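Okay, so here's the structure we're looking at.
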Amino acid sequence: MPAKIVRLAVVDPDLCVGCMSCMFACARRFPEAGLGKAAIHVRSVGGVERGFTVIVCRACPDPPCAKVCPTDALIPRKGGGVILNPSKCIGCRLCQEACPFGAVMWDYDENKPMICVHCGICVDYCPYGVLKLEEVKGEA
Amino acid sequence: MPIADRDLGRILYVDLTRKKQWTEDRLDLFEKYLGGTGVATRLLLEELPRNADPLGPDNVIVFAIGVMTAMYPTASKTVAMFRSPLTGNLGESHAGGRSAVAMRMAGLGAVVIKGASKTPIYLSIKNGKAEFKDATALWGVRSTYTVGRVLREREPWPGTRSIMRIGRAGERLVRYAGVVTETYRHFGRLGLGAVMGAKKLKAIVIGGRRRIKLAEPKKYKEIYKELYDKAVKTPLMRKYHDLGTPANILFLNKIGAFPTRNLTSSRFEDAHRISGEHMAETRLARRVACSHCPVACIHIASIRQEYPHEKYFYTTRYVSYDYEPTYSLGSMLGIGDEEGLLRLIEEVEVQGLDAISTGVVLAWATEAYIRGLVSGRDTIVQPSWGDWETYIEMVRLIVDQPNEFYKTLALGSEEAARKYGGIDFAMAFGRNEMPGYHVGPATHLGYLIGARHSHLDNAGYSYDEKKLKENEYPPPEKVVDDLMEEEAWRQILSSLVICFFARGIYKPGIVAEALKPLGVRMSEEEILKLGWRIYSEKYRLKFELGFRIEDLRIPRRIYETLTPHGMIREEYMEEALSYFKERIAEIIGQNIPSPKPQV
C-alpha cells in the first residue's frame, strides 16, 4: 500500500499565541539553530492584540511558484505544493513574488527559496493546535 | 570549547553624541559570563563613569541577551542595565516580548548606548549595524501605541523584530518612565524611559533572521525536546497560561498579603473583581507569548467604550493586565472596578510609565492629601480611594508637571515625601516603589537587599509563602543567607537569559547539559560559582555608584499592617540588615562561598 500523502494545514490562526515554536522547529530539521532555514513564519496582523497570521505553504494543487520558475527547479508535489531541486535553482526569486501568501521564504546564505516539505515537525511543536497534517485524498 | 555561534560575541556600540557606531568581538565575555546580567554588569564596569549623571550624556545603557537566547524555549528576556534616575544607583530591568530573539537574529549579543543626541532620533538595528533615523516628528506624540504603529509600518522584519519605545513620560524625564516593547511588555522599572528620553532616543527597532551554529546538533535536538516537553507540561506553566500572573491575587488576598490603599490593609474587599479568574471570564480577549516561549502568559483584555457624541458608536481597545499593575493601580488605590482598572492601566501604557511606581506614587499622594499634608491647590484634582477617573487625570498631570507638586511626584514617592512629609508611608525601598507583596519579613528584606531592587531578585515574597507551612519563622541570619543564595543562582538565570517563571525547569544540572551543544563546557559547580561571582561584581558596582546599607530606609508602614506571619518587628529587620552588611562585605572581598548544589 502506498504511503499516505499529507499536507500541512492551518486549523485556526486565532489559536496562535505567537510563540514561534513552529518556526524554530522547522529550522531544526537542519543541523543548526536560529531561524535562517525556517519555511514557516508567524507575525502579528498589525499589533499582537489583533492576533497572528501563520504564513506557510498552502499546498496548492496547481502551484504558481512552479509555473513561474524559469529553470524547472520547482516541481509540483503529489498532494500539493512543490519540491525544490536546488542545483537547478538560480535564485531569481520569481517564485517568491508569485506566491500570493508570501509563503516562499528565502535562505539568504544559499540564495535559494526555502520550501515547505509538509513534514509536520511544526505540528509536533505547536502547543495550541494551530497546525495539523491532513491526508490528501483523491489525488492522481 | 568555544561558543559555536561567534556572532553572539558581537557587541554594537552606539555613540549618540557623535552619531558613530562600531562593533567589537567580545565572545570572551559571553564565554566567561554567559550573557545577560553577567555581561551587562561587566560592560557597565568598563564603560560607566562612576560619577555619571543618570540623565546626562555620560550615562550608559546596555542591552544584553545570553547564550541560550533563541536556542531554548522560555529564554525570552533581554536585560537592560544603566544608572537609574530614580534611585541614583545601578538600574537593571528585564523585558520579554520579542526583544531578546530579535537581538540574536540581528547578529548581536549586546548593544551599548553612550552619549546623547541633540535632536530626537531612533535607531534601526539589523545585521549587526545601526542606522540613525530622525524622530523629530515622533517626539511628543501622545501615545506609545501610536509610536509603535508608525514604526511597524516603516521598519522591516515583521515577526522577528522588536520595537522598543518611550512615551511622553520618558521624554519629560519622569524618573520612573519605562520603555514599552511590543506594546504590552516593558523595561518597566527604575526609569530606563527617562534615560532614553534624556538621550533624545525615542525608540530602538531591532530584528533579523539568521542561522545559528551548534557544537553538537544531535544533542541539541534531544535537549531541546526535553526542555520543551517540560515547559508545556509543568503545572506552573499551565497556571501562567490559564490566568496569567493575576492567578495569585485571590490566594494573596486570602492569606492577607495583598497591599491595599497604600498598605493600610493587606486585604482588599474587591479582590475577586480584579482577580485573574474574574478578568479571564469577563474581559480576556487574547493570550500572547513572548518570542520562543510556549507558555503565553501575556493576557490582553478588551475595553469596549461608547463614544459620548454618538449612540451605538463604539471603540474596542486592548490592554494587557498582570499581577503587578493590578496591585499598584488596583488594590493599592482601592480600585475594585475592573473597567476602571483597565482604563487606568491603559493610560499608564499610553504615557509610557512604570505601572508599579506610578500606582505607589499615587497611593502616597492620596494619603498625603487625605491627611492634609498637601492641599487641593497642589493636587489640582481631589484624589480619593477607588476614584479611577481622577487617577487617570493625575497620571497625565505627572507627565505634564504643571506645578511644583507634580514636578515632585515625577521624581518618585521618596522625593515627594521628603518635601511634603509622610515619609513613613512613602512605600519605596532604596527609593524604588514597592511591588505587590506584604507576606512577611523576607519579602521586605528582599526589596532592600536585592541587587536590582526587584521583587524577583531573590523572591523574598515566595520564601515567606513557603515558610507559612512551617511552625517557626527562621532567624534573620538564616533568612538573609537563604535570600542571598537564591539571588546568586538567579544571576545565572538572568545571564542565560531565562524567564524566571521557568526556573523550576532550568535547574543547575540541566543548564550544564543544555550549554554543551552550544559549545559551553561548565560543570554544575562552576555554574553556581559563577552566580556568586556575578552577584559580587554587581554589588561591587553598586557600592562604587554610592550604595550604602546605612542609607536604606524602611517605611514604618510595614510594621503597622498585619502580614500572614504576624506583625513585622523592627529589631528583626535591623538585625537582618546588619548581618547582610557583614556578608556582603565578605563577598565583595572576593570571598566567594562554596556553593551548595540545588535540589
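In the C-alpha cells, chains take letters A, B, ... by order of appearance, with residues numbered from 1 within each chain and ligands from 1 in the order shown.
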Hey, which bits of chain A sit within 9 Å of chain B, and for each residue what's the closest pair of atoms and how far apart in Å (one decimal), counting only C-alpha atoms, rows by chain and increasing number, as CSV?
residue,atom,partner,partner_atom,distance
A:Asp14,CA,B:Arg286,CA,8.7
A:Cys16,CA,B:Val288,CA,8.0
A:Val17,CA,B:Val288,CA,4.4
A:Gly18,CA,B:Ala289,CA,5.7
A:Cys19,CA,B:His292,CA,5.0
A:Met20,CA,B:His292,CA,5.3
A:Ser21,CA,B:His292,CA,5.7
A:Phe24,CA,B:His292,CA,7.9
A:Ala27,CA,B:Arg211,CA,8.4
A:Arg28,CA,B:Lys221,CA,7.4
A:Phe30,CA,B:Pro217,CA,8.5
A:Pro31,CA,B:Pro217,CA,5.1
A:Glu32,CA,B:Lys213,CA,5.3
A:Ala33,CA,B:Ile212,CA,4.8
A:Gly34,CA,B:Arg211,CA,4.7
A:Leu35,CA,B:Arg210,CA,5.5
A:Gly36,CA,B:Arg210,CA,4.2
A:Lys37,CA,B:Arg211,CA,6.9
A:His41,CA,B:Gly159,CA,7.5
A:Val42,CA,B:Gly159,CA,6.0
A:Arg43,CA,B:Gly159,CA,4.1
A:Ser44,CA,B:Gly159,CA,6.6
A:Gly46,CA,B:Arg152,CA,7.6
A:Gly47,CA,B:Arg149,CA,7.7
A:Val48,CA,B:Val288,CA,7.2
A:Glu49,CA,B:Tyr318,CA,6.5
A:Arg50,CA,B:Arg286,CA,8.4
A:Gly51,CA,B:Arg286,CA,7.7
A:Asp107,CA,B:Arg210,CA,8.9
A:Tyr108,CA,B:Arg210,CA,8.3
A:Asp109,CA,B:Arg211,CA,8.7
A:Tyr125,CA,B:Tyr228,CA,8.3
A:Cys126,CA,B:Pro294,CA,8.2
A:Pro127,CA,B:Pro294,CA,6.6
A:Tyr128,CA,B:Pro294,CA,8.8
Long-range neighbours of Gly460 in chain B as a ChimeraX atom specification, 8 Å cut-off, only C-alpha atoms, 5 positions minimum in chain: /B:442-447,455,483
Who sits within 8 Å of range 187-193 of chain B, only C-alpha atoms, same chain under 2 positions skipped, as a PyMOL selection string: chain B and resi 80+82+84-87+91-95+166-167+169-171+173-181+185+195-197+352-357+432
Among listed residues A:Val82, A:Cys65, A:Cys57, A:Ala39, nearest Ala9 in chain A (using only C-alpha atoms):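 Of A:Val82, A:Cys65, A:Cys57, A:Ala39, the one nearest Ala9 in chain A, counting only C-alpha atoms, is A:Cys57.
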Nearby residues (only C-alpha atoms) at most 9 Å from Cys119 in chain A, same-chain spacing under 4 positions excluded, as a VMD selection string: chain A and resid 6 to 8 123 133
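Listed by chain and then by rising number, the residues of range 26-114 of chain A that DSSP assigns to helix (DSSP H, G or I) from the backbone are Cys26, Ala27, Val48, Glu49, Arg50, Pro64, Cys65, Ala66, Lys67, Val68, Leu94, Cys95, Gln96, Glu97 and Ala98 of chain A.
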Emit the selected residues as a PDB file, in the first residue's frame, including N, CA, C and O atoms.
ATOM      1  N   CYS A  26      10.988  24.125  12.625  1.00  0.00           N
ATOM      2  CA  CYS A  26      11.236  23.957  11.190  1.00  0.00           C
ATOM      3  C   CYS A  26      12.729  24.098  10.900  1.00  0.00           C
ATOM      4  O   CYS A  26      13.307  23.312  10.159  1.00  0.00           O
ATOM      5  N   ALA A  27      13.354  25.088  11.523  1.00  0.00           N
ATOM      6  CA  ALA A  27      14.791  25.302  11.290  1.00  0.00           C
ATOM      7  C   ALA A  27      15.626  24.151  11.835  1.00  0.00           C
ATOM      8  O   ALA A  27      16.713  23.871  11.326  1.00  0.00           O
ATOM      9  N   VAL A  48      -0.024  42.724  18.217  1.00  0.00           N
ATOM     10  CA  VAL A  48      -0.336  41.370  18.707  1.00  0.00           C
ATOM     11  C   VAL A  48      -1.762  41.245  19.226  1.00  0.00           C
ATOM     12  O   VAL A  48      -2.341  40.167  19.231  1.00  0.00           O
ATOM     13  N   GLU A  49      -2.368  42.372  19.656  1.00  0.00           N
ATOM     14  CA  GLU A  49      -3.734  42.302  20.186  1.00  0.00           C
ATOM     15  C   GLU A  49      -4.732  41.854  19.130  1.00  0.00           C
ATOM     16  O   GLU A  49      -5.802  41.350  19.438  1.00  0.00           O
ATOM     17  N   ARG A  50      -4.382  42.036  17.877  1.00  0.00           N
ATOM     18  CA  ARG A  50      -5.300  41.634  16.807  1.00  0.00           C
ATOM     19  C   ARG A  50      -5.040  40.220  16.321  1.00  0.00           C
ATOM     20  O   ARG A  50      -5.701  39.742  15.409  1.00  0.00           O
ATOM     21  N   PRO A  64       1.472  28.316  -8.336  1.00  0.00           N
ATOM     22  CA  PRO A  64       2.006  29.406  -9.166  1.00  0.00           C
ATOM     23  C   PRO A  64       3.524  29.534  -9.075  1.00  0.00           C
ATOM     24  O   PRO A  64       4.178  29.926 -10.046  1.00  0.00           O
ATOM     25  N   CYS A  65       4.117  29.165  -7.919  1.00  0.00           N
ATOM     26  CA  CYS A  65       5.576  29.278  -7.786  1.00  0.00           C
ATOM     27  C   CYS A  65       6.274  28.377  -8.798  1.00  0.00           C
ATOM     28  O   CYS A  65       7.308  28.737  -9.359  1.00  0.00           O
ATOM     29  N   ALA A  66       5.695  27.196  -9.039  1.00  0.00           N
ATOM     30  CA  ALA A  66       6.297  26.275 -10.010  1.00  0.00           C
ATOM     31  C   ALA A  66       6.132  26.813 -11.426  1.00  0.00           C
ATOM     32  O   ALA A  66       7.034  26.686 -12.259  1.00  0.00           O
ATOM     33  N   LYS A  67       4.952  27.442 -11.664  1.00  0.00           N
ATOM     34  CA  LYS A  67       4.681  27.919 -13.028  1.00  0.00           C
ATOM     35  C   LYS A  67       5.654  29.001 -13.490  1.00  0.00           C
ATOM     36  O   LYS A  67       5.968  29.090 -14.656  1.00  0.00           O
ATOM     37  N   VAL A  68       6.104  29.831 -12.535  1.00  0.00           N
ATOM     38  CA  VAL A  68       6.971  30.941 -12.953  1.00  0.00           C
ATOM     39  C   VAL A  68       8.459  30.593 -12.909  1.00  0.00           C
ATOM     40  O   VAL A  68       9.292  31.397 -13.301  1.00  0.00           O
ATOM     41  N   LEU A  94      11.617  34.719  -8.533  1.00  0.00           N
ATOM     42  CA  LEU A  94      10.297  34.847  -9.163  1.00  0.00           C
ATOM     43  C   LEU A  94       9.251  34.057  -8.392  1.00  0.00           C
ATOM     44  O   LEU A  94       8.096  34.473  -8.265  1.00  0.00           O
ATOM     45  N   CYS A  95       9.639  32.911  -7.847  1.00  0.00           N
ATOM     46  CA  CYS A  95       8.704  32.077  -7.082  1.00  0.00           C
ATOM     47  C   CYS A  95       8.183  32.841  -5.865  1.00  0.00           C
ATOM     48  O   CYS A  95       7.003  32.770  -5.529  1.00  0.00           O
ATOM     49  N   GLN A  96       9.086  33.605  -5.246  1.00  0.00           N
ATOM     50  CA  GLN A  96       8.705  34.377  -4.067  1.00  0.00           C
ATOM     51  C   GLN A  96       7.639  35.401  -4.426  1.00  0.00           C
ATOM     52  O   GLN A  96       6.674  35.593  -3.687  1.00  0.00           O
ATOM     53  N   GLU A  97       7.829  36.042  -5.563  1.00  0.00           N
ATOM     54  CA  GLU A  97       6.853  37.045  -5.994  1.00  0.00           C
ATOM     55  C   GLU A  97       5.531  36.405  -6.386  1.00  0.00           C
ATOM     56  O   GLU A  97       4.472  37.002  -6.215  1.00  0.00           O
ATOM     57  N   ALA A  98       5.598  35.194  -6.909  1.00  0.00           N
ATOM     58  CA  ALA A  98       4.380  34.565  -7.435  1.00  0.00           C
ATOM     59  C   ALA A  98       3.454  34.053  -6.335  1.00  0.00           C
ATOM     60  O   ALA A  98       2.247  33.947  -6.542  1.00  0.00           O
TER      61      ALA A  98
END
Separation of CA of Leu236 in chain B from CA of Trp489 in chain B, in Å and rounded to one decimal: 19.5 Å
Best match for closeness to Val54 in chain A among A:Asn85, A:Ala25, A:Asp12, A:Lys4, counting only C-alpha atoms: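 Under the stated criterion, the closest residue is A:Asp12.
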Glu367 in chain B environment, 12 Å, only C-alpha atoms, sequence neighbours closer than 3 positions dropped, as an MDAnalysis selection string: chainID B and resid 261:264 332:334 360:364 370:375 379 382:385 413 417 420:427
Gap from CA of Arg553 in chain B to CA of Ala459 in chain B - Å, one decimal: 19.7 Å
Residue with smallest distance to Ala585 in chain B - pool B:Tyr572, B:Phe543, B:Phe63, B:Tyr461, counting only C-alpha atoms: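 Once distances to Ala585 in chain B are computed over only C-alpha atoms, the minimum belongs to B:Phe543.
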Strand (DSSP E) positions in range 266-413 of chain B, given as a list in words: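 Taking range 266-413 of chain B and keeping strand (DSSP E) gives Leu284, Ala285, Arg286, Arg287, Val288, Ile298, His299, Ile300, Ala301, Ser302, Ile303, Arg304, Gln305, Glu306, Tyr314, Thr315, Thr316, Arg317, Tyr318, Val319, Ser320 and Tyr321 of chain B.
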Contacts of Asp58 in chain B within 8 Å, only C-alpha atoms, excl. fewer than 3 positions in-chain, as a VMD selection string: chain B and resid 48 to 49 52 to 54 114 to 115
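Straight-line separation from CA of Gly79 in chain A to CA of Ile5 in chain A: 6.0 Å.
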